[in-house]
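First up is the structure itself, then whatever we jot down about it.
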Amino acid sequence: MANISFLLVLITVPFVLIGMNSAQLTSNFYNSSCPNVLSIIKTAVNSAIATESRMGASLLRLHFHDCFVNASYLTYFAHSGCDASVLLDDTSSFTGEKTANPNSGSIRGFDVIDTIKTQVELSCADVVSCADILAVAARDSVVKLGGPSWTVLLGRRDSTTASLSTANSDIPAPTLNLSGLISSFSNKGFNSREMVALSGSHTIGQARCTTFRDRLYNETDINASFATSVKSNCPQSGSDNDISPLDTTSPTTFDNIYYKNLRIQKGLLHSDQQLSSGGSTDSIVNTYSSNSATFFTDFANAMVKMGNLSPLTGTNGQIRKNCRKTN
């Protein structure tokens, strides 16, 4: 999302996606215990995006980077995916995920989540998890920027630990080839079509120069004028943290232009262009580039599926009072 995520994202949720010995997530989980939670989150997200349009991509990326770490789509693995582990600061007992390679210097939006959590706690203390806030904020961000909506199933609980090493290994890198992307997403239970749909989250957000410099200067499957324009903000050395939009045409609008750009070799990341490089996913890119409605539907479905990657439910985990630390 913003910066390097690979993403760095209706509605039948396969039962295998719900964690072992846990209740199924539901859309009305907080109807009685915190009836205003959805409106509180939506208002805060809309306000944050109005202040900085890029924040929508950052919040979507937070959810993705939360869900992909330690997640399993098989019920007999007692790992947790969408558990707000990404929000935890380092402690004496574990090193969190914020400094993992995919996150260091790029992951952002923590202050917005803190603000939402504070407002939610004032409305209903010790009820709503940080993991659920991330899931709803991601959906609301997409909607605010013009994308599809979906029903967010709720009832996740928060982890009591985080894993730097697993964040490094589980989050797909922007340098992956198509086979690596297919494998990385398949490990989480996603097929190629769902992988390409989730990649469409790169219709918004920014990436750092260090993540696409090699593509700019060493790859040939890149539009020449596009490369020249991006090079002005990403020299061959230095300026590692200077950013460029993943979708140069409409960087703050959630649409299908990302796929149109891929068809004319204007993918910013190596992993982006791999989706339209003469391989097995070309036809999916072509479909989404010509049919926005199909992309929106597939993206929404894939986001629901991702949001239900082995969550902590029932009595597992906890409801954090502060999203940055365990209780």
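Letters A, B, ... go to the chains of the structure tokens in the order shown; residues in each chain start at 1; ligands are counted from 1 in the same order.
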
Worksheet entry | Shell of 9 Å around Gln265 (chain A), only C-alpha atoms, local chain residues under 5 positions omitted, as a PyMOL selection string | chain A and resi 221-224+226+273+276-277

Counting only C-alpha atoms, give me one row per residue of region 144-241 of chain A with an atom at most 10 Å from an atom of region 83-88 of chain A, showing the shortest contact pair and its distance in Å to one decimal, sorted by chain then residue number, as JSON lines.
{"residue": "A:Arg156", "atom": "CA", "partner": "A:Asp83", "partner_atom": "CA", "distance": 6.9}
{"residue": "A:Arg157", "atom": "CA", "partner": "A:Asp83", "partner_atom": "CA", "distance": 6.2}
{"residue": "A:Asp158", "atom": "CA", "partner": "A:Asp83", "partner_atom": "CA", "distance": 4.7}
{"residue": "A:Ser159", "atom": "CA", "partner": "A:Asp83", "partner_atom": "CA", "distance": 5.3}
{"residue": "A:Thr160", "atom": "CA", "partner": "A:Ser85", "partner_atom": "CA", "distance": 7.6}
{"residue": "A:Thr161", "atom": "CA", "partner": "A:Ser85", "partner_atom": "CA", "distance": 6.4}
{"residue": "A:Ala162", "atom": "CA", "partner": "A:Ser85", "partner_atom": "CA", "distance": 5.0}
{"residue": "A:Ser163", "atom": "CA", "partner": "A:Ser85", "partner_atom": "CA", "distance": 7.9}
{"residue": "A:Leu164", "atom": "CA", "partner": "A:Val86", "partner_atom": "CA", "distance": 9.4}
{"residue": "A:Ala167", "atom": "CA", "partner": "A:Val86", "partner_atom": "CA", "distance": 8.7}

Worksheet entry | Who sits within 10 Å of Thr248 (chain A), only C-alpha atoms, same chain under 6 positions skipped, as a list in words |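 The neighbour list is Thr203, Ile204, Gly205, Gln206, Phe226, Val230, Ile257, Tyr258, Asn261, Lys266, Gly267 and Leu268 of chain A.
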
Worksheet entry | Close residues, Leu216 (chain A) itself excluded, 9 Å, only C-alpha atoms, min 4 positions apart in chain, as a PyMOL selection string | chain A and resi 212+220+222+227-228+230-231+234+236+268-269

Those same residues, written as an mmCIF file, in the first residue's frame with all heavy atoms?
data_model
loop_
_atom_site.group_PDB
_atom_site.id
_atom_site.type_symbol
_atom_site.label_atom_id
_atom_site.label_comp_id
_atom_site.auth_asym_id
_atom_site.auth_seq_id
_atom_site.Cartn_x
_atom_site.Cartn_y
_atom_site.Cartn_z
ATOM 1 N N PHE A 212 11.556 0.322 -5.921
ATOM 2 C CA PHE A 212 11.372 0.178 -7.371
ATOM 3 C C PHE A 212 12.550 0.708 -8.193
ATOM 4 O O PHE A 212 12.493 0.725 -9.423
ATOM 5 C CB PHE A 212 10.068 0.863 -7.828
ATOM 6 C CG PHE A 212 9.953 2.319 -7.474
ATOM 7 C CD1 PHE A 212 10.567 3.294 -8.236
ATOM 8 C CD2 PHE A 212 9.201 2.717 -6.368
ATOM 9 C CE1 PHE A 212 10.455 4.641 -7.924
ATOM 10 C CE2 PHE A 212 9.083 4.063 -6.030
ATOM 11 C CZ PHE A 212 9.712 5.028 -6.816
ATOM 12 N N THR A 220 13.390 -3.980 -18.633
ATOM 13 C CA THR A 220 13.037 -3.516 -19.981
ATOM 14 C C THR A 220 11.532 -3.477 -20.224
ATOM 15 O O THR A 220 11.081 -2.791 -21.153
ATOM 16 C CB THR A 220 13.680 -4.423 -21.040
ATOM 17 O OG1 THR A 220 13.268 -5.781 -20.810
ATOM 18 C CG2 THR A 220 15.199 -4.338 -20.957
ATOM 19 N N ILE A 222 9.149 -1.851 -19.203
ATOM 20 C CA ILE A 222 8.640 -0.649 -18.551
ATOM 21 C C ILE A 222 8.513 0.459 -19.590
ATOM 22 O O ILE A 222 9.407 0.654 -20.421
ATOM 23 C CB ILE A 222 9.560 -0.223 -17.379
ATOM 24 C CG1 ILE A 222 8.932 0.952 -16.598
ATOM 25 C CG2 ILE A 222 10.967 0.109 -17.851
ATOM 26 C CD1 ILE A 222 9.623 1.221 -15.264
ATOM 27 N N ALA A 227 9.014 5.615 -17.125
ATOM 28 C CA ALA A 227 10.260 5.447 -16.382
ATOM 29 C C ALA A 227 10.991 6.778 -16.232
ATOM 30 O O ALA A 227 11.489 7.113 -15.152
ATOM 31 C CB ALA A 227 11.153 4.420 -17.072
ATOM 32 N N THR A 228 11.044 7.534 -17.307
ATOM 33 C CA THR A 228 11.730 8.832 -17.261
ATOM 34 C C THR A 228 11.096 9.756 -16.242
ATOM 35 O O THR A 228 11.795 10.434 -15.472
ATOM 36 C CB THR A 228 11.705 9.492 -18.657
ATOM 37 O OG1 THR A 228 12.396 8.648 -19.572
ATOM 38 C CG2 THR A 228 12.363 10.856 -18.617
ATOM 39 N N VAL A 230 9.357 8.980 -13.576
ATOM 40 C CA VAL A 230 9.546 8.505 -12.205
ATOM 41 C C VAL A 230 11.001 8.682 -11.761
ATOM 42 O O VAL A 230 11.280 8.955 -10.590
ATOM 43 C CB VAL A 230 9.111 7.034 -12.071
ATOM 44 C CG1 VAL A 230 9.352 6.525 -10.651
ATOM 45 C CG2 VAL A 230 7.635 6.877 -12.419
ATOM 46 N N LYS A 231 11.925 8.555 -12.699
ATOM 47 C CA LYS A 231 13.351 8.703 -12.362
ATOM 48 C C LYS A 231 13.661 10.081 -11.778
ATOM 49 O O LYS A 231 14.602 10.226 -10.992
ATOM 50 C CB LYS A 231 14.211 8.460 -13.606
ATOM 51 C CG LYS A 231 14.356 6.994 -13.986
ATOM 52 C CD LYS A 231 15.160 6.847 -15.278
ATOM 53 C CE LYS A 231 15.291 5.391 -15.680
ATOM 54 N NZ LYS A 231 16.022 5.223 -16.969
ATOM 55 N N CYS A 234 13.505 9.546 -8.295
ATOM 56 C CA CYS A 234 14.187 8.347 -7.788
ATOM 57 C C CYS A 234 15.497 8.161 -8.545
ATOM 58 O O CYS A 234 15.579 7.380 -9.492
ATOM 59 C CB CYS A 234 13.291 7.119 -7.957
ATOM 60 S SG CYS A 234 13.977 5.588 -7.249
ATOM 61 N N GLN A 236 19.553 7.144 -9.293
ATOM 62 C CA GLN A 236 20.203 5.838 -9.178
ATOM 63 C C GLN A 236 20.826 5.606 -7.805
ATOM 64 O O GLN A 236 21.048 4.459 -7.416
ATOM 65 C CB GLN A 236 21.254 5.676 -10.276
ATOM 66 C CG GLN A 236 20.638 5.375 -11.636
ATOM 67 C CD GLN A 236 21.678 5.006 -12.679
ATOM 68 O OE1 GLN A 236 22.399 5.861 -13.167
ATOM 69 N NE2 GLN A 236 21.742 3.736 -13.018
ATOM 70 N N LEU A 268 4.593 0.193 -11.263
ATOM 71 C CA LEU A 268 5.720 0.804 -10.568
ATOM 72 C C LEU A 268 6.635 -0.241 -9.945
ATOM 73 O O LEU A 268 7.860 -0.159 -10.081
ATOM 74 C CB LEU A 268 5.222 1.768 -9.487
ATOM 75 C CG LEU A 268 6.313 2.563 -8.758
ATOM 76 C CD1 LEU A 268 7.024 3.515 -9.716
ATOM 77 C CD2 LEU A 268 5.717 3.342 -7.583
ATOM 78 N N LEU A 269 6.073 -1.212 -9.263
ATOM 79 C CA LEU A 269 6.868 -2.258 -8.632
ATOM 80 C C LEU A 269 7.086 -3.425 -9.595
ATOM 81 O O LEU A 269 6.244 -3.699 -10.448
ATOM 82 C CB LEU A 269 6.170 -2.784 -7.379
ATOM 83 C CG LEU A 269 5.815 -1.773 -6.283
ATOM 84 C CD1 LEU A 269 5.093 -2.482 -5.144
ATOM 85 C CD2 LEU A 269 7.056 -1.054 -5.783
#

Practice prompt. Please return as a VMD selection string: the residues of region 84-266 of chain A that backbone DSSP assigns to strand (DSSP E).
Written response: chain A and resid 206 to 208 243 to 245

Quick one: write out the picked residues with N, CA and C atoms as a PDB file, in the first residue's frame?
ATOM      1  N   GLN A 206       1.426   5.009  -2.133  1.00  0.00           N
ATOM      2  CA  GLN A 206       2.745   5.417  -2.607  1.00  0.00           C
ATOM      3  C   GLN A 206       3.767   4.325  -2.311  1.00  0.00           C
ATOM      4  N   ALA A 207       4.853   4.346  -3.055  1.00  0.00           N
ATOM      5  CA  ALA A 207       5.951   3.421  -2.798  1.00  0.00           C
ATOM      6  C   ALA A 207       7.253   4.199  -2.698  1.00  0.00           C
ATOM      7  N   ARG A 208       8.183   3.682  -1.902  1.00  0.00           N
ATOM      8  CA  ARG A 208       9.476   4.332  -1.733  1.00  0.00           C
ATOM      9  C   ARG A 208      10.418   3.971  -2.879  1.00  0.00           C
ATOM     10  N   ILE A 243       8.996   9.200  -2.355  1.00  0.00           N
ATOM     11  CA  ILE A 243       7.869   8.348  -2.752  1.00  0.00           C
ATOM     12  C   ILE A 243       7.274   8.747  -4.097  1.00  0.00           C
ATOM     13  N   SER A 244       6.691   7.758  -4.747  1.00  0.00           N
ATOM     14  CA  SER A 244       5.964   7.957  -5.999  1.00  0.00           C
ATOM     15  C   SER A 244       4.671   7.160  -5.935  1.00  0.00           C
ATOM     16  N   PRO A 245       3.624   7.620  -6.608  1.00  0.00           N
ATOM     17  CA  PRO A 245       2.346   6.900  -6.565  1.00  0.00           C
ATOM     18  C   PRO A 245       2.395   5.576  -7.307  1.00  0.00           C
TER      19      PRO A 245
END

Item to complete: For each of A:Asn241, A:Ser141, A:Thr211, A:Thr297, take the minimum atom-to-atom distance to Gly56 (chain A), counting only C-alpha atoms, then give the residue where this is smallest.
Response: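 Residue with the minimum atom-to-atom distance to Gly56 (chain A): A:Ser141.
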
Practice prompt. Considering only C-alpha atoms, return as a PyMOL selection string whatever protein or nucleic-acid residues lie within 9 Å of Leu154 (chain A), sequence-local ones (same chain, fewer than 6 positions apart) excluded.
Written response: chain A and resi 24-30+132+135-136

Practice prompt. For Phe110 (chain A), please output as a list in words all residues within 10 Å (counting only C-alpha atoms; exclusion window: fewer than 2 positions along the same chain).
Written response: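 Skipping anything fewer than 2 positions along the chain leaves Ser58, Leu59, Leu62, Val86, Leu87, Leu88, Ile107, Arg108, Val112, Ile113, Asp114, Thr115, Ile116, Cys323 and Arg324 of chain A.
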
Worksheet item: Using only C-alpha atoms, which of A:Ser184, A:Asn177, A:Ser33, A:Ser250 sits nearest Asp126 (chain A)?
Response: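 Under the stated criterion, the closest residue is A:Ser33.
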
Discussion item. If we count only C-alpha atoms and set the cut-off at 12 Å, which residues sit around Ser165 (chain A), ignoring sequence neighbours fewer than 2 positions away in its own chain? Please answer as a PyMOL selection string.
Written reply: chain A and resi 69-70+94-103+162-163+167-171

Write out, as a tab-separated table (two decimals), in the first residue's frame, the residues just selected, with all heavy atoms.
chain	number	residue	atom	x	y	z
A	69	VAL	N	0.46	-11.96	8.53
A	69	VAL	CA	1.50	-12.46	9.42
A	69	VAL	C	0.93	-13.50	10.37
A	69	VAL	O	-0.05	-13.25	11.07
A	69	VAL	CB	2.14	-11.31	10.22
A	69	VAL	CG1	3.18	-11.84	11.21
A	69	VAL	CG2	2.79	-10.33	9.26
A	70	ASN	N	1.53	-14.68	10.36
A	70	ASN	CA	1.12	-15.80	11.23
A	70	ASN	C	-0.24	-16.36	10.85
A	70	ASN	O	-0.83	-17.13	11.63
A	70	ASN	CB	1.08	-15.39	12.71
A	70	ASN	CG	2.34	-15.81	13.44
A	70	ASN	OD1	3.05	-16.70	12.99
A	70	ASN	ND2	2.60	-15.17	14.55
A	94	PHE	N	9.46	-9.39	23.42
A	94	PHE	CA	9.39	-9.66	21.99
A	94	PHE	C	9.69	-8.39	21.19
A	94	PHE	O	9.50	-7.27	21.68
A	94	PHE	CB	8.02	-10.22	21.59
A	94	PHE	CG	6.86	-9.27	21.75
A	94	PHE	CD1	6.57	-8.30	20.78
A	94	PHE	CD2	6.03	-9.36	22.85
A	94	PHE	CE1	5.51	-7.42	20.93
A	94	PHE	CE2	4.96	-8.48	23.01
A	94	PHE	CZ	4.70	-7.52	22.05
A	95	THR	N	10.18	-8.61	19.98
A	95	THR	CA	10.37	-7.52	19.03
A	95	THR	C	9.18	-7.51	18.08
A	95	THR	O	8.87	-8.53	17.47
A	95	THR	CB	11.68	-7.69	18.22
A	95	THR	OG1	12.77	-7.77	19.14
A	95	THR	CG2	11.87	-6.53	17.27
A	96	GLY	N	8.50	-6.39	18.01
A	96	GLY	CA	7.27	-6.32	17.22
A	96	GLY	C	7.53	-6.30	15.72
A	96	GLY	O	8.66	-6.48	15.24
A	97	GLU	N	6.46	-6.07	14.97
A	97	GLU	CA	6.51	-6.16	13.52
A	97	GLU	C	6.76	-4.82	12.83
A	97	GLU	O	6.97	-4.77	11.61
A	97	GLU	CB	5.19	-6.78	13.02
A	97	GLU	CG	4.96	-8.18	13.56
A	97	GLU	CD	3.51	-8.66	13.44
A	97	GLU	OE1	2.75	-8.06	12.64
A	97	GLU	OE2	3.15	-9.63	14.13
A	98	LYS	N	6.78	-3.76	13.59
A	98	LYS	CA	6.90	-2.43	12.97
A	98	LYS	C	8.24	-2.20	12.29
A	98	LYS	O	8.34	-1.42	11.34
A	98	LYS	CB	6.66	-1.34	14.02
A	98	LYS	CG	5.23	-1.30	14.55
A	98	LYS	CD	5.04	-0.20	15.58
A	98	LYS	CE	3.59	-0.14	16.07
A	98	LYS	NZ	3.36	0.93	17.05
A	99	THR	N	9.27	-2.90	12.76
A	99	THR	CA	10.60	-2.73	12.17
A	99	THR	C	10.97	-3.85	11.20
A	99	THR	O	12.11	-3.94	10.75
A	99	THR	CB	11.67	-2.64	13.27
A	99	THR	OG1	11.59	-3.78	14.12
A	99	THR	CG2	11.49	-1.38	14.10
A	100	ALA	N	10.01	-4.71	10.88
A	100	ALA	CA	10.26	-5.74	9.86
A	100	ALA	C	10.53	-5.07	8.52
A	100	ALA	O	10.09	-3.94	8.28
A	100	ALA	CB	9.06	-6.67	9.76
A	101	ASN	N	11.26	-5.74	7.65
A	101	ASN	CA	11.64	-5.14	6.37
A	101	ASN	C	10.47	-4.57	5.57
A	101	ASN	O	10.57	-3.48	5.01
A	101	ASN	CB	12.40	-6.17	5.52
A	101	ASN	CG	13.77	-6.49	6.10
A	101	ASN	OD1	14.36	-5.66	6.79
A	101	ASN	ND2	14.27	-7.70	5.85
A	102	PRO	N	9.33	-5.27	5.50
A	102	PRO	CA	8.21	-4.72	4.73
A	102	PRO	C	7.56	-3.50	5.38
A	102	PRO	O	6.79	-2.78	4.73
A	102	PRO	CB	7.21	-5.88	4.65
A	102	PRO	CG	7.97	-7.09	5.04
A	102	PRO	CD	9.02	-6.62	6.00
A	103	ASN	N	7.85	-3.28	6.67
A	103	ASN	CA	7.19	-2.21	7.43
A	103	ASN	C	8.10	-1.05	7.80
A	103	ASN	O	7.64	0.10	7.91
A	103	ASN	CB	6.60	-2.79	8.72
A	103	ASN	CG	5.51	-3.80	8.48
A	103	ASN	OD1	4.84	-3.76	7.44
A	103	ASN	ND2	5.33	-4.72	9.40
A	162	ALA	N	3.80	-10.43	19.08
A	162	ALA	CA	4.01	-10.14	17.66
A	162	ALA	C	5.29	-10.84	17.22
A	162	ALA	O	6.06	-11.32	18.05
A	162	ALA	CB	4.12	-8.63	17.44
A	163	SER	N	5.51	-10.90	15.90
A	163	SER	CA	6.67	-11.64	15.41
A	163	SER	C	7.37	-10.89	14.29
A	163	SER	O	6.86	-10.81	13.17
A	163	SER	CB	6.24	-13.03	14.91
A	163	SER	OG	7.33	-13.69	14.28
A	167	ALA	N	6.82	-11.57	10.19
A	167	ALA	CA	6.47	-10.45	9.31
A	167	ALA	C	7.43	-10.38	8.13
A	167	ALA	O	7.03	-10.13	6.99
A	167	ALA	CB	6.48	-9.14	10.10
A	168	ASN	N	8.69	-10.64	8.40
A	168	ASN	CA	9.69	-10.64	7.32
A	168	ASN	C	9.45	-11.74	6.31
A	168	ASN	O	9.70	-11.58	5.12
A	168	ASN	CB	11.11	-10.77	7.91
A	168	ASN	CG	11.65	-9.45	8.41
A	168	ASN	OD1	11.40	-8.40	7.84
A	168	ASN	ND2	12.42	-9.50	9.49
A	169	SER	N	8.96	-12.89	6.78
A	169	SER	CA	8.81	-14.04	5.89
A	169	SER	C	7.45	-14.13	5.22
A	169	SER	O	7.33	-14.68	4.12
A	169	SER	CB	9.09	-15.34	6.66
A	169	SER	OG	8.14	-15.52	7.70
A	170	ASP	N	6.41	-13.60	5.87
A	170	ASP	CA	5.04	-13.82	5.38
A	170	ASP	C	4.53	-12.76	4.42
A	170	ASP	O	3.66	-13.05	3.59
A	170	ASP	CB	4.07	-13.92	6.57
A	170	ASP	CG	4.14	-15.26	7.27
A	170	ASP	OD1	5.10	-16.02	7.01
A	170	ASP	OD2	3.25	-15.56	8.10
A	171	ILE	N	5.00	-11.52	4.56
A	171	ILE	CA	4.48	-10.44	3.72
A	171	ILE	C	5.18	-10.46	2.37
A	171	ILE	O	6.41	-10.41	2.30
A	171	ILE	CB	4.67	-9.08	4.41
A	171	ILE	CG1	3.87	-9.05	5.72
A	171	ILE	CG2	4.21	-7.94	3.50
A	171	ILE	CD1	4.15	-7.83	6.58

Worksheet entry | Secondary structure check, helix (DSSP H, G or I) residues of region 197-263 of chain A, as a PyMOL selection string | chain A and resi 197-203+209-218+224-231+257-263

Worksheet entry | Among listed residues A:Val152, A:Ala302, A:Leu38, A:Ile133, nearest Leu198 (chain A) (using only C-alpha atoms) |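 When distances to Leu198 (chain A) are compared using only C-alpha atoms, the smallest one comes from A:Ala302.
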
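Among the candidate residues A:Ala173, A:Met195, A:Cys124, A:Ala131, the one lying nearest to Asn308 (chain A) is A:Ala131, with distances computed using only C-alpha atoms.
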
Discussion item. Rounded to one decimal, what separation in Å do you get between CA of Arg193 (chain A) and CA of Pro172 (chain A)?
Written reply: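 Between CA of Arg193 (chain A) and CA of Pro172 (chain A) the gap works out to 16.0 Å.
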